[in-house]
Amino acid sequence: MLLVTGGAGFVGSNVVADLNEAGRSDIAVNDVLGSEGKWRNLAGRQLADFVPPADLARWLEGRKLDAVIHLGAISATTATDGDAVIENNFRLSLRLFDWCASNRAPFIYASSAATYGDGAAGYSDDWSPGALKRLKPMNLYGWSKHLFDLAVADRAARKNNLPPQWAGLKFFNVYGPNEYHKGDMMSLVAKRFDDARAGKPIQLFKSHRAGIADGEQKRDFIYVDDATAVVRWLLQTPSVSGIFNVGTGQARSFRELMAAMFAALGRAPAIDYVDMPPAIRDSYQYFTQAEMTNLRRAGYNADFTPLETAVKLYVTRYLDRADRYR
């Protein structure tokens with residue numbers, strides 16, 4: 001049996017879908033469904049169990065698992081409740097890591113590109129303790145993920161109390177089906193699609209940095225199928241451990257992202273540029289791009305879907321249909 005924490009969420013439900021499609025139904029999901037419609041992310045899936053967070057410790061007692069895929073977290077970059085974030089994103093992660101070490105189960109977990117902060121220290125996924133300590137996350141969410149990366153890297157350096165396989169995945173800007181419950185944390189494709197389909201112009205931030213045109217702020221956008229393919233590969237490659245970036249290795253602009261969405265609808269781009277709120281101007285990231293050296297060196301050789309192709313898949317298979325769920 002596999003345990004997927006956060007399995008009703010965006011990346012988690014796509015991991016569950018991958019596993020089902022590979023023939024596995026012995027999957028337990030640990031999550032909170034709430035009232036945002038997250039249950040729809042799993043409506044077409046087969047599970048062996050669903051474990052509420054309050055029951056997880058008791059559920060794990062005496063159990064043998066093939067792996068724990070730990071994707072559950074408070075993931076909003078705007079989160080402000082430090083106690084809740086540290087309990088969910090750090091302390092729970094430590095408890096699951098320890099359980100996997102004691103029970104000899106592989107442990108794959110979600111870290112985040114938010115650990116890189118403003119990018120001043122670069123985007124190399126060198127996970128030595130010294131390299132990690134140079135990173136300065138800019139928000140509570142990023143710090144909580146960074147804190148856990150540091151704890152794992154320290155244990156790895158000391159070869160102390162480790163699962164047989166462990167892997168942290170620094171996901172960059174993931175987009176795709178089943179993200180609809182995320183509100184303001186949805187990808188720009190999901191947030192702007194309905195307006196674009198209705199013939200309305202969509203809005204992007206103006207640039208407030210010299211030498212960068214409006215809409216030319218760049219991110220490493222990765223389609224969710226490519227992100228979950230890395231998880232699947234790790235499950236199939238138990239000899240690989242480490243902390244890895246999960247992006248495409250190529251930064252693309254928000255303007256290009258929106259142009260791809262309009263192209264998928266067969267329309268010319270209609271974009272209005274609006275001032276960025278003063279409150280976020282000083283901390284706004286103008287560029288992120290994953291260095292993919294570690295993952296490639298570990299043996300992962302699959303291609304990443306080009307942005308234009310991935311956006312067209314997202315639009316035609318999901319967003320432009322009555323049922324948008326995978």
# chains A, B, ... in the order shown; residues from 1 in each chain; ligands from 1
call {"tool": "residues_around", "arguments": {"residues": "Val29 of chain A", "least_positions_apart": "6", "cutoff": "7 Å", "atoms": "only C-alpha atoms", "output": "PyMOL selection string"}}
result
chain A and resi 3-5+7+49-51
call {"tool": "residues_around", "arguments": {"residues": "segment 94-100 of chain A", "least_positions_apart": "4", "cutoff": "10 Å", "atoms": "only C-alpha atoms", "output": "number ranges by chain"}}
result
A: 56-57, 60-61, 64-70, 87-90, 104-109, 148, 151-152, 161-166
call {"tool": "write_last_selection", "arguments": {"atoms": "N, CA and C atoms", "output": "short mmCIF file (atom, residue, chain, number, x, y, z; two decimals), in the first residue's frame"}}
result
data_model
loop_
_atom_site.label_atom_id
_atom_site.label_comp_id
_atom_site.auth_asym_id
_atom_site.auth_seq_id
_atom_site.Cartn_x
_atom_site.Cartn_y
_atom_site.Cartn_z
N LEU A 56 -4.23 9.99 11.50
CA LEU A 56 -3.05 9.48 10.79
C LEU A 56 -2.09 8.71 11.69
N ALA A 57 -1.76 9.26 12.85
CA ALA A 57 -0.79 8.59 13.72
C ALA A 57 -1.29 7.21 14.13
N LEU A 60 -1.18 4.69 11.20
CA LEU A 60 0.16 4.22 10.84
C LEU A 60 0.68 3.13 11.78
N GLU A 61 0.12 3.01 12.95
CA GLU A 61 0.63 2.06 13.94
C GLU A 61 0.57 0.63 13.42
N LYS A 64 2.61 -1.62 7.40
CA LYS A 64 3.71 -1.67 6.44
C LYS A 64 3.27 -0.98 5.16
N LEU A 65 4.11 -0.07 4.67
CA LEU A 65 3.79 0.66 3.45
C LEU A 65 4.92 0.53 2.44
N ASP A 66 4.55 0.54 1.16
CA ASP A 66 5.56 0.51 0.10
C ASP A 66 6.27 1.85 -0.02
N ALA A 67 5.58 2.95 0.32
CA ALA A 67 6.18 4.28 0.29
C ALA A 67 5.19 5.28 0.88
N VAL A 68 5.73 6.39 1.35
CA VAL A 68 4.94 7.55 1.75
C VAL A 68 5.28 8.68 0.78
N ILE A 69 4.26 9.21 0.13
CA ILE A 69 4.42 10.36 -0.77
C ILE A 69 3.79 11.54 -0.05
N HIS A 70 4.62 12.39 0.50
CA HIS A 70 4.15 13.43 1.43
C HIS A 70 4.03 14.76 0.68
N GLU A 87 3.59 23.46 12.34
CA GLU A 87 3.07 22.15 12.73
C GLU A 87 2.80 21.29 11.51
N ASN A 88 2.16 21.87 10.50
CA ASN A 88 1.77 21.10 9.32
C ASN A 88 2.94 20.85 8.37
N ASN A 89 3.77 21.85 8.16
CA ASN A 89 4.79 21.75 7.12
C ASN A 89 6.13 21.25 7.62
N PHE A 90 6.40 21.40 8.91
CA PHE A 90 7.70 20.98 9.45
C PHE A 90 7.58 19.81 10.41
N ARG A 104 11.34 1.37 7.41
CA ARG A 104 12.04 1.04 6.16
C ARG A 104 11.13 1.25 4.94
N ALA A 105 10.50 2.40 4.91
CA ALA A 105 9.63 2.77 3.79
C ALA A 105 10.22 3.98 3.08
N PRO A 106 10.26 4.00 1.76
CA PRO A 106 10.71 5.19 1.02
C PRO A 106 9.84 6.40 1.35
N PHE A 107 10.48 7.57 1.33
CA PHE A 107 9.80 8.82 1.68
C PHE A 107 10.08 9.85 0.60
N ILE A 108 9.05 10.25 -0.12
CA ILE A 108 9.15 11.28 -1.16
C ILE A 108 8.29 12.45 -0.71
N TYR A 109 8.87 13.65 -0.69
CA TYR A 109 8.11 14.78 -0.16
C TYR A 109 8.23 16.00 -1.07
N PHE A 148 12.58 22.20 6.75
CA PHE A 148 12.58 20.75 6.65
C PHE A 148 13.69 20.25 5.74
N ALA A 151 16.77 20.09 7.79
CA ALA A 151 16.78 18.96 8.72
C ALA A 151 17.12 17.66 8.01
N VAL A 152 16.54 17.46 6.83
CA VAL A 152 16.80 16.24 6.06
C VAL A 152 18.24 16.21 5.59
N ASN A 161 19.58 7.89 10.83
CA ASN A 161 18.14 7.66 10.91
C ASN A 161 17.43 8.08 9.61
N LEU A 162 17.84 7.45 8.50
CA LEU A 162 17.28 7.77 7.18
C LEU A 162 16.38 6.65 6.67
N PRO A 163 15.34 6.98 5.93
CA PRO A 163 14.59 5.94 5.21
C PRO A 163 15.47 5.29 4.15
N PRO A 164 15.09 4.13 3.62
CA PRO A 164 15.90 3.48 2.59
C PRO A 164 16.00 4.32 1.32
N GLN A 165 15.00 5.11 1.03
CA GLN A 165 15.04 6.11 -0.04
C GLN A 165 14.34 7.35 0.48
N TRP A 166 14.89 8.51 0.19
CA TRP A 166 14.24 9.76 0.54
C TRP A 166 14.51 10.75 -0.59
#
call {"tool": "select_by_dssp", "arguments": {"residues": "segment 22-169 of chain A", "states": "helix (DSSP H, G or I)", "output": "PyMOL selection string"}}
result
chain A and resi 38-42+53-60+82-103+113-116+129-132+140-158
call {"tool": "residues_around", "arguments": {"residues": "Gln217 of chain A", "least_positions_apart": "3", "cutoff": "8 Å", "atoms": "only C-alpha atoms", "output": "PyMOL selection string"}}
result
chain A and resi 207+212-214+253-254+285-287
call {"tool": "write_last_selection", "arguments": {"atoms": "C-alpha atoms", "output": "mmCIF file, in the first residue's frame"}}
result
data_model
loop_
_atom_site.group_PDB
_atom_site.id
_atom_site.type_symbol
_atom_site.label_atom_id
_atom_site.label_comp_id
_atom_site.auth_asym_id
_atom_site.auth_seq_id
_atom_site.Cartn_x
_atom_site.Cartn_y
_atom_site.Cartn_z
ATOM 1 C CA SER A 207 6.856 45.846 -14.984
ATOM 2 C CA ILE A 212 11.994 44.413 -18.306
ATOM 3 C CA ALA A 213 8.904 45.026 -20.411
ATOM 4 C CA ASP A 214 5.345 44.706 -19.137
ATOM 5 C CA SER A 253 7.179 35.034 -19.491
ATOM 6 C CA PHE A 254 3.639 35.553 -18.260
ATOM 7 C CA GLN A 285 10.099 37.857 -8.244
ATOM 8 C CA TYR A 286 10.894 38.793 -11.813
ATOM 9 C CA PHE A 287 12.660 35.546 -12.723
#
call {"tool": "closest_residue", "arguments": {"among": "A:Ala156, A:Ala110, A:Val16, A:Leu2", "to": "Ser241 of chain A", "atoms": "only C-alpha atoms"}}
result
A:Ala156
call {"tool": "atom_distance", "arguments": {"atom1": "atom CA of Ser144 of chain A", "atom2": "atom CA of Ile27 of chain A"}}
result
27.0 Å
call {"tool": "residues_around", "arguments": {"residues": "segment 117-123 of chain A", "least_positions_apart": "2", "cutoff": "6 Å", "atoms": "only C-alpha atoms", "output": "count of residues only"}}
result
8
call {"tool": "select_by_dssp", "arguments": {"residues": "segment 165-257 of chain A", "states": "strand (DSSP E or B)", "output": "list in words"}}
result
Trp166, Ala167, Gly168, Leu169, Lys170, Phe171, Asn173, Val174, Tyr175, Ile202, Gln203, Leu204, Phe205, Lys218, Arg219, Phe221, Ile222, Tyr223, Gly242, Ile243, Phe244, Asn245, Val246, Arg252 and Ser253 of chain A
call {"tool": "write_last_selection", "arguments": {"atoms": "N, CA and C atoms", "output": "mmCIF file, in the first residue's frame"}}
result
data_model
loop_
_atom_site.group_PDB
_atom_site.id
_atom_site.type_symbol
_atom_site.label_atom_id
_atom_site.label_comp_id
_atom_site.auth_asym_id
_atom_site.auth_seq_id
_atom_site.Cartn_x
_atom_site.Cartn_y
_atom_site.Cartn_z
ATOM 1 N N TRP A 166 14.891 8.507 0.195
ATOM 2 C CA TRP A 166 14.238 9.762 0.542
ATOM 3 C C TRP A 166 14.508 10.750 -0.589
ATOM 4 N N ALA A 167 13.518 11.562 -0.897
ATOM 5 C CA ALA A 167 13.687 12.537 -1.975
ATOM 6 C C ALA A 167 12.790 13.736 -1.723
ATOM 7 N N GLY A 168 13.376 14.937 -1.784
ATOM 8 C CA GLY A 168 12.628 16.179 -1.694
ATOM 9 C C GLY A 168 12.532 16.810 -3.070
ATOM 10 N N LEU A 169 11.355 17.266 -3.436
ATOM 11 C CA LEU A 169 11.109 17.815 -4.770
ATOM 12 C C LEU A 169 10.755 19.291 -4.662
ATOM 13 N N LYS A 170 11.639 20.135 -5.197
ATOM 14 C CA LYS A 170 11.407 21.578 -5.193
ATOM 15 C C LYS A 170 10.599 21.939 -6.433
ATOM 16 N N PHE A 171 9.267 21.842 -6.295
ATOM 17 C CA PHE A 171 8.389 22.140 -7.416
ATOM 18 C C PHE A 171 8.433 23.634 -7.735
ATOM 19 N N ASN A 173 6.695 26.386 -10.815
ATOM 20 C CA ASN A 173 5.320 26.849 -11.041
ATOM 21 C C ASN A 173 4.514 25.782 -11.770
ATOM 22 N N VAL A 174 3.881 24.906 -10.996
ATOM 23 C CA VAL A 174 3.119 23.794 -11.556
ATOM 24 C C VAL A 174 1.703 24.264 -11.905
ATOM 25 N N TYR A 175 1.214 23.823 -13.070
ATOM 26 C CA TYR A 175 -0.155 24.160 -13.478
ATOM 27 C C TYR A 175 -0.781 22.950 -14.146
ATOM 28 N N ILE A 202 -7.584 40.006 -20.600
ATOM 29 C CA ILE A 202 -7.093 39.576 -19.294
ATOM 30 C C ILE A 202 -6.032 40.568 -18.826
ATOM 31 N N GLN A 203 -5.777 40.572 -17.544
ATOM 32 C CA GLN A 203 -4.847 41.544 -16.967
ATOM 33 C C GLN A 203 -3.556 40.879 -16.522
ATOM 34 N N LEU A 204 -2.459 41.550 -16.803
ATOM 35 C CA LEU A 204 -1.143 41.169 -16.303
ATOM 36 C C LEU A 204 -0.514 42.392 -15.643
ATOM 37 N N PHE A 205 0.435 42.137 -14.746
ATOM 38 C CA PHE A 205 1.116 43.241 -14.092
ATOM 39 C C PHE A 205 2.063 43.962 -15.044
ATOM 40 N N LYS A 218 9.267 36.494 -15.610
ATOM 41 C CA LYS A 218 9.384 35.110 -16.056
ATOM 42 C C LYS A 218 9.371 34.122 -14.892
ATOM 43 N N ARG A 219 8.797 32.956 -15.180
ATOM 44 C CA ARG A 219 8.775 31.839 -14.238
ATOM 45 C C ARG A 219 9.131 30.557 -14.986
ATOM 46 N N PHE A 221 7.533 27.510 -15.640
ATOM 47 C CA PHE A 221 6.221 26.875 -15.611
ATOM 48 C C PHE A 221 6.355 25.409 -16.013
ATOM 49 N N ILE A 222 5.808 24.498 -15.190
ATOM 50 C CA ILE A 222 5.879 23.064 -15.494
ATOM 51 C C ILE A 222 4.485 22.456 -15.405
ATOM 52 N N TYR A 223 4.124 21.695 -16.427
ATOM 53 C CA TYR A 223 2.809 21.051 -16.464
ATOM 54 C C TYR A 223 2.767 19.938 -15.434
ATOM 55 N N GLY A 242 17.852 12.310 -2.535
ATOM 56 C CA GLY A 242 18.388 13.664 -2.644
ATOM 57 C C GLY A 242 17.273 14.683 -2.719
ATOM 58 N N ILE A 243 17.668 15.941 -2.871
ATOM 59 C CA ILE A 243 16.726 17.033 -3.065
ATOM 60 C C ILE A 243 16.892 17.539 -4.489
ATOM 61 N N PHE A 244 15.788 17.618 -5.209
ATOM 62 C CA PHE A 244 15.849 17.894 -6.639
ATOM 63 C C PHE A 244 14.893 19.014 -7.033
ATOM 64 N N ASN A 245 15.340 19.889 -7.928
ATOM 65 C CA ASN A 245 14.431 20.826 -8.568
ATOM 66 C C ASN A 245 13.507 20.075 -9.509
ATOM 67 N N VAL A 246 12.249 20.511 -9.582
ATOM 68 C CA VAL A 246 11.303 19.964 -10.547
ATOM 69 C C VAL A 246 10.701 21.151 -11.303
ATOM 70 N N ARG A 252 9.895 31.167 -18.829
ATOM 71 C CA ARG A 252 9.041 31.769 -19.860
ATOM 72 C C ARG A 252 8.239 32.898 -19.231
ATOM 73 N N SER A 253 7.853 33.859 -20.033
ATOM 74 C CA SER A 253 7.179 35.034 -19.491
ATOM 75 C C SER A 253 5.686 34.794 -19.304
#
call {"tool": "closest_residue", "arguments": {"among": "A:Arg58, A:Arg24, A:Lys206, A:Arg267", "to": "Gln46 of chain A", "atoms": "only C-alpha atoms"}}
result
A:Arg24
call {"tool": "residues_around", "arguments": {"residues": "segment 224-229 of chain A", "least_positions_apart": "6", "cutoff": "10 Å", "atoms": "only C-alpha atoms", "output": "count of residues only"}}
result
31
call {"tool": "decode", "arguments": {"residues": "segment 65-130 of chain A", "atoms": "C-alpha atoms", "output": "short mmCIF file (atom, residue, chain, number, x, y, z; two decimals), in the first residue's frame"}}
result
data_model
loop_
_atom_site.label_atom_id
_atom_site.label_comp_id
_atom_site.auth_asym_id
_atom_site.auth_seq_id
_atom_site.Cartn_x
_atom_site.Cartn_y
_atom_site.Cartn_z
CA LEU A 65 3.79 0.66 3.45
CA ASP A 66 5.56 0.51 0.10
CA ALA A 67 6.18 4.28 0.29
CA VAL A 68 4.94 7.55 1.75
CA ILE A 69 4.42 10.36 -0.77
CA HIS A 70 4.15 13.43 1.43
CA LEU A 71 2.52 16.28 -0.51
CA GLY A 72 0.23 17.66 2.20
CA ALA A 73 1.02 21.17 3.45
CA ILE A 74 -0.31 24.63 4.07
CA SER A 75 0.86 25.85 0.68
CA ALA A 76 -0.38 29.45 0.48
CA THR A 77 2.55 31.85 0.15
CA THR A 78 0.33 34.40 1.92
CA ALA A 79 -0.14 32.24 5.04
CA THR A 80 0.47 34.12 8.29
CA ASP A 81 -0.34 31.62 11.08
CA GLY A 82 3.18 30.60 12.00
CA ASP A 83 2.17 27.94 14.52
CA ALA A 84 -0.18 26.18 12.08
CA VAL A 85 2.38 26.31 9.26
CA ILE A 86 5.24 24.97 11.37
CA GLU A 87 3.07 22.15 12.73
CA ASN A 88 1.77 21.10 9.32
CA ASN A 89 4.79 21.75 7.12
CA PHE A 90 7.70 20.98 9.45
CA ARG A 91 6.80 18.93 12.51
CA LEU A 92 4.41 16.56 10.70
CA SER A 93 7.03 16.10 7.99
CA LEU A 94 9.61 15.17 10.62
CA ARG A 95 7.25 12.64 12.20
CA LEU A 96 6.56 10.99 8.84
CA PHE A 97 10.26 10.99 7.97
CA ASP A 98 11.04 9.27 11.28
CA TRP A 99 8.24 6.75 10.73
CA CYS A 100 9.64 5.87 7.30
CA ALA A 101 13.14 5.52 8.72
CA SER A 102 11.90 3.20 11.47
CA ASN A 103 9.67 1.17 9.17
CA ARG A 104 12.04 1.04 6.16
CA ALA A 105 9.63 2.77 3.79
CA PRO A 106 10.71 5.19 1.02
CA PHE A 107 9.80 8.82 1.68
CA ILE A 108 9.15 11.28 -1.16
CA TYR A 109 8.11 14.78 -0.16
CA ALA A 110 7.24 18.13 -1.69
CA SER A 111 9.63 20.97 -1.06
CA SER A 112 9.20 24.18 -3.06
CA ALA A 113 10.93 26.73 -5.26
CA ALA A 114 9.76 29.22 -2.61
CA THR A 115 12.81 28.12 -0.60
CA TYR A 116 14.97 30.13 -3.03
CA GLY A 117 13.48 33.44 -1.96
CA ASP A 118 14.24 36.26 -4.39
CA GLY A 119 16.71 34.09 -6.29
CA ALA A 120 19.74 36.13 -5.27
CA ALA A 121 21.53 32.90 -4.28
CA GLY A 122 20.59 31.23 -7.57
CA TYR A 123 18.44 28.18 -8.26
CA SER A 124 20.93 25.36 -7.90
CA ASP A 125 19.55 22.34 -6.03
CA ASP A 126 22.82 21.72 -4.25
CA TRP A 127 21.43 20.18 -1.09
CA SER A 128 24.56 20.22 1.03
CA PRO A 129 23.82 21.88 4.37
CA GLY A 130 26.20 24.74 3.56
#
